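Asks: Below: one structure in structure tokens.
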Amino acid sequence: MIARVAWLLARPGAGGLAPLLLPVTAFAIVTALLLTVLGGAQSFWSWTDDYAVTYQALAVIALVLLVVPLASLGGSAARLSARRRDDRLATLRLLGATPATVSALAVLESVVLAVAGALAGVALYFVLVPLIALIPFRGEALGIDGVLLGLPALAGVVAGVAVLAAASAVLGLRQVVISPLGVRTRQDAPKLHWLRLVIGVAVIALSFLMMSALQVAGSMIAIFAMLAAAFGGTLAVLNLIGPWVIRLVAQSQARRAKTPARLLAARTVLESPKAAWRQVSGVAMTSFMAVFAGTGIALLDSFGEAADTESLELFADIRTGILITVVGSFLMVACSVGVNQAAGILDRGELHRSLGMLGMPITTMDASRRRSVMSPLRITTIGSAVAAAVVMLPLTGAAIIVAPLSLLVIAGVLAVGIGVVWLGLAATRPMLERAASVTS
């Protein structure tokens, strides 16, 4: 019975196949990137010489810098079709479906989409393996044997993606089960408490203290754990603080708006600060990455000419690792921006059609959409860079963070990240035009 209803709910609606294909695509990219990161890092743990610990510590930092944003992107992928699903499930609740039935349908749909995307991501990973194998470290390529993950790891990642999707579905069901009419009529705006800011500041302060205490750590395991906790914790709380800060700024902008586009943009952000954050969260990670990359390159440059060949090789490998980490970050940003922009248009399809029928020009809708993304983007970029600088300060010192080379790299990475968002906005304008032109 549940499977039959799930099949009926999965049939394309007014948005066509896009609401189904978007999360599948996002999960495929998430899985492929995650497997690529894990496969590239596993080689470092087979080394046992004096430099092995250094490579392993840097691998931990790179893994955290990439895996945490990937988990966040995976969570966004699980919520891409949430509004479409919530509307349909809320209708079932109003028709008499039990909470257990609604929960089972939501989890089943989310898991099926996630597994389909994850399997496609595994296939994409196999395509990428020969290219990853060519990356040089310690004077030679990693090789296919070094980057190819075993079947248990592949199965574990697919299962992890499915669990993430199921958890997101369950967490998103609370309002559907409690207040289906409110969900169906979109009357309940998300609540964001100021405690988010308090928790976020506390975690960043704790990360700063852990970085300051690295030199007195008793073992390499403790150092690895502190590095992972500091970088991972800071990246995680960005998702906690971001929506609250964006909502605060949007409230001020709504009060001071003097044009329809500005007012509509502010109200769009206030409708769902979490959705506005997801539009730009990829650049938050890139901003964090920019500070890491800039200070890392500036620190290497400050050492000057190394005294021996092994040190020179290590510095070259660190630069390679920084470049790979930044490229991976940009791939996540491109995925996040493209999918979230398209999903945002589909989610507000009824609003766009209504505004079009009322006579609002496409240019005004597009201007409000751009502003609803670019305004949070500016806040996110600055805030994330400051948080990263605070965490990096005990490791590198202020002189390295503000060094000309460091600032140049940071500015360049941020410019590319903002440019990716702008291109995502431009690329999805045709979707906006189609959504606004549909009259049925």
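Starting from 1 in every chain, residues are counted up; chains themselves are A, B, ... following the order of the structure tokens, and ligands are numbered from 1 as listed.
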What's around segment 121-126 of chain A at 7 Å? Count only C-alpha atoms, leave out sequence neighbours fewer than 2 positions away in its own chain, and write the answer as a VMD selection string.
Replies: chain A and resid 28 to 29 31 to 32 35 to 36 117 to 119 128 to 129
Asks: Those residues with N, CA and C atoms, as a CSV table (one decimal), in the first residue's frame please?
Replies:
chain,number,residue,atom,x,y,z
A,28,ALA,N,24.5,12.5,-6.5
A,28,ALA,CA,25.6,11.9,-7.3
A,28,ALA,C,26.9,12.7,-7.2
A,29,ILE,N,26.8,14.0,-7.3
A,29,ILE,CA,28.0,14.8,-7.2
A,29,ILE,C,28.6,14.7,-5.8
A,31,THR,N,28.4,12.2,-3.7
A,31,THR,CA,29.0,10.9,-3.5
A,31,THR,C,30.3,10.8,-4.3
A,32,ALA,N,30.4,11.3,-5.5
A,32,ALA,CA,31.6,11.2,-6.3
A,32,ALA,C,32.7,12.0,-5.7
A,35,LEU,N,34.0,10.2,-2.4
A,35,LEU,CA,34.8,9.1,-2.7
A,35,LEU,C,36.2,9.5,-3.3
A,36,THR,N,36.2,10.6,-4.0
A,36,THR,CA,37.4,11.1,-4.6
A,36,THR,C,38.3,11.6,-3.5
A,117,GLY,N,21.1,8.5,-6.6
A,117,GLY,CA,22.1,9.5,-6.9
A,117,GLY,C,23.5,8.9,-6.4
A,118,ALA,N,23.5,8.2,-5.3
A,118,ALA,CA,24.8,7.7,-4.8
A,118,ALA,C,25.4,6.7,-5.7
A,119,LEU,N,24.5,5.8,-6.3
A,119,LEU,CA,25.0,4.8,-7.3
A,119,LEU,C,25.6,5.5,-8.5
A,128,LEU,N,36.6,9.0,-12.6
A,128,LEU,CA,37.6,10.0,-12.2
A,128,LEU,C,38.9,9.3,-11.7
A,129,VAL,N,38.8,8.0,-11.3
A,129,VAL,CA,39.9,7.4,-10.7
A,129,VAL,C,41.2,7.5,-11.5
Asks: As a list of chain:residue names, list the residues of segment 133-167 of chain A assigned to helix (DSSP H, G or I) by DSSP on the backbone atoms of this structure.
Replies: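 Here is the list: A:Ile144, A:Asp145, A:Gly146, A:Val147, A:Leu151, A:Pro152, A:Ala153, A:Leu154, A:Ala155, A:Gly156, A:Val157, A:Val158, A:Ala159, A:Gly160, A:Val161, A:Ala162, A:Val163, A:Leu164, A:Ala165, A:Ala166, A:Ala167.
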Asks: In Å, with one decimal, what is the gap from atom CA of Leu20 of chain A to atom CA of Ala104 of chain A?
Replies: 18.0 Å
Asks: Give me the residues near segment 330-336 of chain A as a compact mmCIF listing (two decimals) with N, CA and C atoms, in the first residue's frame, where near means some atom within 7 Å (using only C-alpha atoms) and where sequence neighbours in that chain fewer than 5 positions away do not count.
Replies:
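Generated output (part_21.txt):
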# COMPACT_ATOMS: atom_id res chain seq x y z
N ALA A 26 22.37 16.09 -7.26
CA ALA A 26 23.15 16.59 -6.13
C ALA A 26 23.79 15.44 -5.35
N LEU A 73 26.29 19.85 2.02
CA LEU A 73 25.69 19.81 0.69
C LEU A 73 24.77 18.60 0.56
N GLY A 282 27.78 27.35 0.09
CA GLY A 282 28.98 26.86 -0.57
C GLY A 282 30.09 27.88 -0.57
N VAL A 283 29.74 29.16 -0.75
CA VAL A 283 30.76 30.21 -0.74
C VAL A 283 31.26 30.45 0.68
N THR A 286 33.97 28.13 0.86
CA THR A 286 35.08 28.61 0.03
C THR A 286 35.80 29.76 0.69
N GLY A 417 34.76 32.47 -6.23
CA GLY A 417 33.57 31.93 -5.59
C GLY A 417 32.34 32.79 -5.84
N VAL A 420 31.19 32.37 -9.38
CA VAL A 420 30.43 31.13 -9.62
C VAL A 420 28.96 31.34 -9.26
Asks: Neighbouring residues of segment 145-152 of chain A were defined as those with any atom within 6 Å, considering only C-alpha atoms; residues of the same chain fewer than 4 positions away were excluded. Please report them as a ChimeraX atom specification.
Replies: /A:39-40,43,156
Asks: Between atom CA of Thr325 of chain A and atom CA of Leu66 of chain A, what is the distance, to one decimal in Å?
Replies: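 Value for the atom CA of Thr325 of chain A-atom CA of Leu66 of chain A distance: 7.1 Å.
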Asks: Taking only C-alpha atoms into account, name the residue in A:Ala41, A:Met285, A:Ala298, A:Ala388 that is nearest to Ile324 of chain A.
Replies: A:Ala41
Asks: Using atom CA of Val386 of chain A and atom CA of Ser272 of chain A as the two end points, give the distance in Å to one decimal.
Replies: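 Result for atom CA of Val386 of chain A versus atom CA of Ser272 of chain A: 24.8 Å, one decimal.
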Asks: If you count only C-alpha atoms, which residues fall within 12 Å of Gly338 of chain A, apart from same-chain ones fewer than 6 positions away, as a VMD selection string?
Replies: chain A and resid 22 to 23 25 to 26 29 73 77 80 278 to 280 282 331 to 332 344 to 345 420 to 429 431
